[in-house]
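Structure data (mmCIF, C-alpha atoms and all ligand atoms) from input_24.cif:
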```cif
data_work
#
loop_
_atom_site.label_atom_id
_atom_site.label_comp_id
_atom_site.auth_asym_id
_atom_site.auth_seq_id
_atom_site.Cartn_x
_atom_site.Cartn_y
_atom_site.Cartn_z
CA MET A 1 28.34 -37.35 38.72
CA PRO A 2 29.88 -39.86 36.27
CA GLN A 3 29.53 -38.87 32.62
CA ASN A 4 27.29 -41.80 31.62
CA ILE A 5 24.78 -41.03 34.36
CA LEU A 6 24.86 -37.41 33.37
CA HIS A 7 24.15 -38.40 29.78
CA PHE A 8 21.29 -40.62 30.82
CA PHE A 9 19.74 -37.87 32.92
CA PHE A 10 20.31 -35.34 30.24
CA ARG A 11 18.72 -37.43 27.52
CA SER A 12 15.58 -38.41 29.31
CA HIS A 13 14.66 -35.34 31.36
CA CYS A 14 13.44 -31.90 30.39
CA LEU A 15 16.28 -29.34 30.61
CA SER A 16 13.89 -26.82 32.04
CA CYS A 17 11.58 -28.55 34.54
CA GLY A 18 13.35 -31.90 34.98
CA LYS A 19 10.22 -33.91 34.08
CA THR A 20 10.80 -37.26 32.38
CA LEU A 21 10.49 -36.91 28.62
CA ASP A 22 8.02 -39.19 26.87
CA GLY A 23 10.07 -39.72 23.72
CA SER A 24 8.05 -37.43 21.45
CA ASN A 25 10.07 -34.43 22.67
CA ILE A 26 13.83 -34.10 22.90
CA LEU A 27 15.60 -32.06 25.60
CA ILE A 28 12.55 -29.95 26.53
CA CYS A 29 9.06 -31.17 27.35
CA GLY A 30 5.96 -30.01 25.49
CA ARG A 31 4.65 -28.15 28.52
CA CYS A 32 7.77 -25.99 28.85
CA VAL A 33 7.67 -25.31 25.10
CA SER A 34 4.05 -24.18 25.37
CA HIS A 35 5.15 -21.51 27.89
CA LEU A 36 7.66 -19.98 25.48
CA LYS A 37 6.51 -16.68 24.04
CA SER A 38 7.93 -15.16 20.90
CA ILE A 39 8.86 -11.47 20.92
CA GLN A 40 5.79 -10.68 18.84
CA GLU A 41 3.61 -12.38 21.46
CA GLN A 42 4.94 -10.22 24.31
CA SER A 43 3.20 -7.08 25.44
CA GLU A 44 6.23 -4.78 25.84
CA GLY A 45 7.12 -2.23 23.17
CA ILE A 46 9.62 -3.25 20.49
CA CYS A 47 12.01 -1.00 18.58
CA PRO A 48 10.76 -0.96 14.96
CA LYS A 49 14.31 -0.93 13.63
CA CYS A 50 16.29 -3.51 15.67
CA CYS A 51 13.58 -5.40 17.61
CA GLY A 52 15.14 -4.40 20.94
CA ARG A 53 12.98 -3.71 23.99
CA LEU A 54 11.60 -0.22 24.44
CA TYR A 55 11.87 0.53 28.13
CA ASN A 56 10.03 3.78 27.60
CA SER A 57 6.80 2.97 25.79
CA ALA A 58 6.52 6.54 24.49
CA ALA A 59 9.90 6.30 22.69
CA LYS A 60 9.91 5.91 18.91
CA ASP A 61 13.01 3.74 18.86
CA CYS A 62 15.45 2.18 21.33
CA PHE A 63 18.42 3.89 22.96
CA GLN A 64 20.87 2.35 20.48
CA CYS A 65 18.85 3.28 17.36
CA SER A 66 18.31 6.80 18.64
CA TYR A 67 22.02 7.57 18.18
CA TYR A 68 23.27 4.96 15.70
CA ASN A 69 21.87 4.33 12.24
CA PHE A 70 22.28 0.67 11.24
CA ASP A 71 23.03 -0.13 7.60
CA PHE A 72 20.20 -2.69 7.44
CA GLU A 73 16.57 -1.64 6.95
CA LYS A 74 15.17 -3.62 9.86
CA ASN A 75 15.92 -6.58 12.11
CA THR A 76 13.22 -9.02 13.20
CA SER A 77 14.04 -11.47 15.98
CA ILE A 78 11.91 -14.42 17.02
CA TYR A 79 12.63 -15.00 20.74
CA TYR A 80 14.37 -13.02 23.44
CA TYR A 81 17.65 -14.68 24.37
CA LYS A 82 16.91 -14.19 28.07
CA GLU A 83 14.67 -17.32 28.00
CA PRO A 84 16.79 -19.79 30.07
CA VAL A 85 15.68 -22.83 28.07
CA LEU A 86 16.65 -21.27 24.77
CA LYS A 87 19.96 -20.10 26.19
CA GLU A 88 20.73 -23.59 27.43
CA LEU A 89 19.82 -25.20 24.09
CA MET A 90 21.86 -22.62 22.20
CA HIS A 91 24.84 -23.14 24.48
CA LEU A 92 24.76 -26.91 23.91
CA PHE A 93 24.35 -26.42 20.18
CA LYS A 94 26.93 -23.70 19.69
CA PHE A 95 29.64 -24.57 22.19
CA GLU A 96 29.25 -28.30 22.78
CA SER A 97 28.48 -29.41 19.22
CA ASN A 98 25.21 -30.95 20.36
CA ARG A 99 23.24 -31.55 17.17
CA ARG A 100 20.13 -32.72 19.01
CA ALA A 101 19.95 -29.29 20.68
CA GLY A 102 20.15 -27.79 17.17
CA GLU A 103 17.33 -30.03 15.96
CA ARG A 104 15.23 -29.03 18.94
CA LEU A 105 15.87 -25.36 18.27
CA ALA A 106 14.93 -25.85 14.63
CA SER A 107 11.65 -27.46 15.69
CA LEU A 108 10.91 -24.43 17.91
CA LEU A 109 11.80 -21.93 15.19
CA LYS A 110 10.46 -23.53 12.01
CA GLU A 111 6.86 -22.37 12.19
CA LYS A 112 7.86 -18.80 13.15
CA ILE A 113 10.49 -18.47 10.43
CA THR A 114 8.07 -19.82 7.83
CA ALA A 115 5.33 -17.42 8.95
CA PHE A 116 7.78 -14.51 8.70
CA LEU A 117 8.82 -15.53 5.18
CA ASN A 118 5.19 -15.92 4.13
CA THR A 119 4.40 -12.34 5.11
CA ASN A 120 7.66 -10.63 4.06
CA ALA A 121 8.99 -10.99 0.52
CA PHE A 122 12.72 -11.02 -0.30
CA ASP A 123 14.57 -11.90 -3.49
CA ILE A 124 17.40 -13.75 -1.74
CA ILE A 125 18.10 -15.24 1.69
CA ILE A 126 21.74 -15.21 2.80
CA SER A 127 23.21 -16.95 5.86
CA THR A 128 25.75 -15.31 8.13
CA PRO A 129 29.07 -17.17 7.99
CA VAL A 130 31.19 -18.44 10.87
CA SER A 131 34.99 -18.45 10.82
CA SER A 132 36.68 -21.63 9.65
CA GLU A 133 37.99 -22.16 13.23
CA SER A 134 34.45 -22.14 14.61
CA PHE A 135 33.27 -24.39 11.79
CA ARG A 136 36.02 -26.91 12.54
CA LYS A 137 35.34 -26.86 16.27
CA ARG A 138 31.56 -27.18 15.93
CA GLY A 139 31.32 -29.22 12.77
CA TYR A 140 28.67 -26.92 11.30
CA ASN A 141 27.53 -23.36 10.77
CA GLN A 142 24.76 -23.10 13.38
CA VAL A 143 22.60 -20.77 11.27
CA GLU A 144 22.79 -22.99 8.19
CA PHE A 145 22.19 -26.13 10.28
CA ILE A 146 18.90 -24.67 11.55
CA LEU A 147 17.81 -23.35 8.14
CA GLU A 148 18.48 -26.74 6.57
CA LYS A 149 16.49 -28.53 9.30
CA CYS A 150 13.64 -26.06 8.68
CA GLY A 151 13.78 -26.69 4.92
CA ILE A 152 14.49 -23.04 4.13
CA PRO A 153 16.62 -22.41 1.03
CA PHE A 154 19.47 -19.90 1.37
CA LEU A 155 22.69 -18.81 -0.30
CA SER A 156 26.01 -19.25 1.46
CA ILE A 157 28.09 -16.60 -0.34
CA LEU A 158 29.94 -14.91 2.52
CA LYS A 159 33.10 -15.81 4.38
CA ARG A 160 34.43 -14.65 7.69
CA LYS A 161 38.17 -14.17 7.60
CA THR A 162 40.27 -16.51 9.69
CA GLY A 163 41.75 -15.06 12.83
CA SER A 164 38.80 -12.64 13.20
CA PRO A 165 38.81 -11.21 16.72
CA HIS A 166 36.20 -12.60 19.10
CA GLN A 167 33.33 -10.22 19.68
CA MET A 168 32.29 -11.31 23.14
CA GLU A 169 32.68 -8.81 25.95
CA LEU A 170 33.23 -5.83 23.68
CA SER A 171 31.04 -2.73 23.67
CA ALA A 172 28.84 -1.99 20.64
CA GLN A 173 31.29 0.68 19.50
CA GLU A 174 34.32 -1.65 19.92
CA ARG A 175 32.54 -4.41 18.05
CA ARG A 176 31.78 -2.16 15.11
CA VAL A 177 35.44 -1.19 14.89
CA THR A 178 36.96 -4.67 15.30
CA ILE A 179 34.53 -6.31 12.87
CA ARG A 180 35.24 -3.88 10.04
CA GLY A 181 36.53 -5.70 6.95
CA GLN A 182 36.13 -9.14 8.56
CA TYR A 183 33.67 -10.46 5.95
CA VAL A 184 34.15 -11.08 2.26
CA MET A 185 31.80 -12.15 -0.49
CA ASN A 186 32.39 -14.75 -3.21
CA LYS A 187 33.36 -12.90 -6.38
CA ASN A 188 30.81 -14.88 -8.44
CA ALA A 189 28.02 -13.79 -6.12
CA VAL A 190 28.31 -10.09 -6.96
CA GLN A 191 26.03 -10.44 -9.98
CA CYS A 192 23.37 -12.38 -8.18
CA ILE A 193 22.78 -9.76 -5.46
CA GLU A 194 22.69 -6.70 -7.73
CA ASN A 195 19.37 -4.82 -7.34
CA LYS A 196 18.02 -7.60 -5.12
CA SER A 197 16.26 -7.29 -1.77
CA ILE A 198 18.14 -9.45 0.70
CA LEU A 199 17.25 -11.13 3.94
CA LEU A 200 20.30 -11.85 6.05
CA ILE A 201 19.84 -14.53 8.72
CA ASP A 202 21.89 -14.82 11.90
CA ASP A 203 21.44 -16.64 15.20
CA ILE A 204 21.73 -13.95 17.89
CA PHE A 205 21.37 -10.18 17.66
CA THR A 206 23.55 -8.71 20.40
CA THR A 207 24.84 -5.29 19.32
CA GLY A 208 23.94 -5.67 15.63
CA SER A 209 27.54 -5.06 14.57
CA THR A 210 27.84 -8.29 12.51
CA LEU A 211 24.63 -7.61 10.61
CA ASN A 212 25.57 -3.98 10.19
CA GLU A 213 28.98 -4.86 8.76
CA ILE A 214 27.58 -7.45 6.32
CA SER A 215 24.74 -5.15 5.28
CA GLY A 216 27.29 -2.49 4.36
CA LEU A 217 29.22 -5.06 2.30
CA LEU A 218 26.09 -6.21 0.45
CA LYS A 219 24.98 -2.65 -0.23
CA ARG A 220 28.39 -1.65 -1.55
CA ASN A 221 27.92 -4.55 -3.94
CA LYS A 222 24.62 -3.04 -5.11
CA ALA A 223 22.02 -4.99 -3.15
CA SER A 224 18.87 -2.83 -3.27
CA SER A 225 17.99 -3.46 0.40
CA VAL A 226 19.13 -5.61 3.30
CA SER A 227 16.91 -6.71 6.18
CA ALA A 228 17.75 -9.16 8.93
CA LEU A 229 16.08 -12.06 10.65
CA THR A 230 17.69 -13.32 13.85
CA PHE A 231 16.55 -16.31 15.88
CA PHE A 232 17.25 -14.53 19.20
CA ARG A 233 17.44 -10.94 20.46
CA ASP A 234 19.84 -10.44 23.35
ZN ZN A 301 9.71 -29.19 31.02
ZN ZN A 302 16.57 -0.24 18.06
#
```

What would the structure in this file look like if it were written as structure tokens?
Ligand SMILES: [Zn+2]
Ligand SMILES: [Zn+2]
Amino acid sequence: MPQNILHFFFRSHCLSCGKTLDGSNILICGRCVSHLKSIQEQSEGICPKCCGRLYNSAAKDCFQCSYYNFDFEKNTSIYYYKEPVLKELMHLFKFESNRRAGERLASLLKEKITAFLNTNAFDIIISTPVSSESFRKRGYNQVEFILEKCGIPFLSILKRKTGSPHQMELSAQERRVTIRGQYVMNKNAVQCIENKSILLIDDIFTTGSTLNEISGLLKRNKASSVSALTFFRD
């Protein structure tokens, strides 16, 4: 299909059901959005530590948390990443620099993030950084883009080193090893996190190794506690 026709189709039809969009919704129609359920709205058991699924409802925590102790207090995720519509939007946003997909995601997340922040108090919100290569390719940090669209204030005080190895397709154990030492904090920020409770925000929780690594860094720099909020739980 020629690119311009593809663009036309893409712009005016729901990514999920193919229905023509009426202009008040972008990329996904209102009906498909109304079928999306957040993790908190689902009936299956959730791990109290990492927000992963509990396949055995009698278990206290998930398989991963039963043998590995994360450095963060708790992760809360908003949606499961298995939702095809969310995966598609995230793919467009993260790998095809599609800002409209980012705006649509922000519109789906805003109310849920705000509700979470209204019921959980933190001294500081910190965004997870992307490497400068990813930033150049994409044109934005996808976490910060969404937080800005949602009107949520945050501090951007971390950096991911250039040439950091890619984490995809590694096991949880391999990820924890390869990610060690890959993040640094602005020197001037040390004072502002001392004895503060921190909420770290990232886009997708896969193995938790990124959040774990950054939590360790923040705690070594005297943060009193670190919790995480992630838009999606893989
Ligand atoms: Zn639809
Ligand atoms: Zn868990």

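Pairwise distance (atom CA of A:Phe116, atom CA of A:Tyr67) equals 27.9 Å.
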
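Separating atom CA of A:Glu213 from atom CA of A:Asp61 is a distance of 20.8 Å.
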
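Using only C-alpha atoms, the nearest neighbour of A:Leu89 within the list A:Ser127, A:Gln142, A:Asn69, A:Thr76 is A:Gln142.
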
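Between atom CA of A:Arg104 and atom CA of A:Cys32 there is a distance of 12.8 Å.
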
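Distances from A:Ile126, A:Ile78, A:Gly45, A:Phe205 to A:Ala58 were compared using all atoms listed in the file, and the smallest one belongs to A:Gly45.
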
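Where the distance criterion is 8 Å and the atoms used are only C-alpha atoms and all ligand atoms, the residues close to ligand ZN 301 (chain A) are His13, Cys14, Leu15, Ser16, Cys17, Gly18, Lys19, Ile28, Cys29, Gly30, Arg31, Cys32 and Val33 of chain A.
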
(30.3, -28.8, 11.7) in this file's frame - what residues fall within 12 Å of it? Use only C-alpha atoms and give the answer as a ChimeraX atom specification.
/A:93-99,102,130-145

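You can rank A:Pro84, A:Gly208, A:Gly23, A:Pro129 by their closest distance to A:Gln182 using all atoms listed in the file, and at the top of that list sits A:Pro129.
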
Got a sec to check which residues lie within 10 Å of ligand ZN 302 (chain A), using only C-alpha atoms and all ligand atoms, and send them as a PyMOL selection string?
chain A and resi 46-54+60-70+74-75+207-208

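The nearest approach to A:Thr114 among the residues A:Leu211, A:Asn221, A:Asp203, A:Leu229, with only C-alpha atoms taken into account, belongs to A:Leu229.
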
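Shortest separation to A:Phe72 among A:Ile39, A:Leu199, A:Ile204, A:Leu105 occurs at residue A:Leu199, atoms counted being only C-alpha atoms.
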
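You can rank A:Leu170, A:Cys150, A:Leu86, A:Ile214 by their closest distance to A:Ser107 using only C-alpha atoms, and at the top of that list sits A:Cys150.
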
Taking (23.6, -8.7, -5.8) in the file's coordinates as the center, which residues reach within 9 Å of it, counting all atoms listed in the file, put as a CSV table (one decimal) with C-alpha atoms, in the frame of the given file?
```csv
chain,number,residue,atom,x,y,z
A,124,ILE,CA,17.4,-13.8,-1.7
A,189,ALA,CA,28.0,-13.8,-6.1
A,190,VAL,CA,28.3,-10.1,-7.0
A,191,GLN,CA,26.0,-10.4,-10.0
A,192,CYS,CA,23.4,-12.4,-8.2
A,193,ILE,CA,22.8,-9.8,-5.5
A,194,GLU,CA,22.7,-6.7,-7.7
A,195,ASN,CA,19.4,-4.8,-7.3
A,196,LYS,CA,18.0,-7.6,-5.1
A,197,SER,CA,16.3,-7.3,-1.8
A,198,ILE,CA,18.1,-9.4,0.7
A,218,LEU,CA,26.1,-6.2,0.4
A,219,LYS,CA,25.0,-2.6,-0.2
A,221,ASN,CA,27.9,-4.6,-3.9
A,222,LYS,CA,24.6,-3.0,-5.1
A,223,ALA,CA,22.0,-5.0,-3.2
A,224,SER,CA,18.9,-2.8,-3.3
```
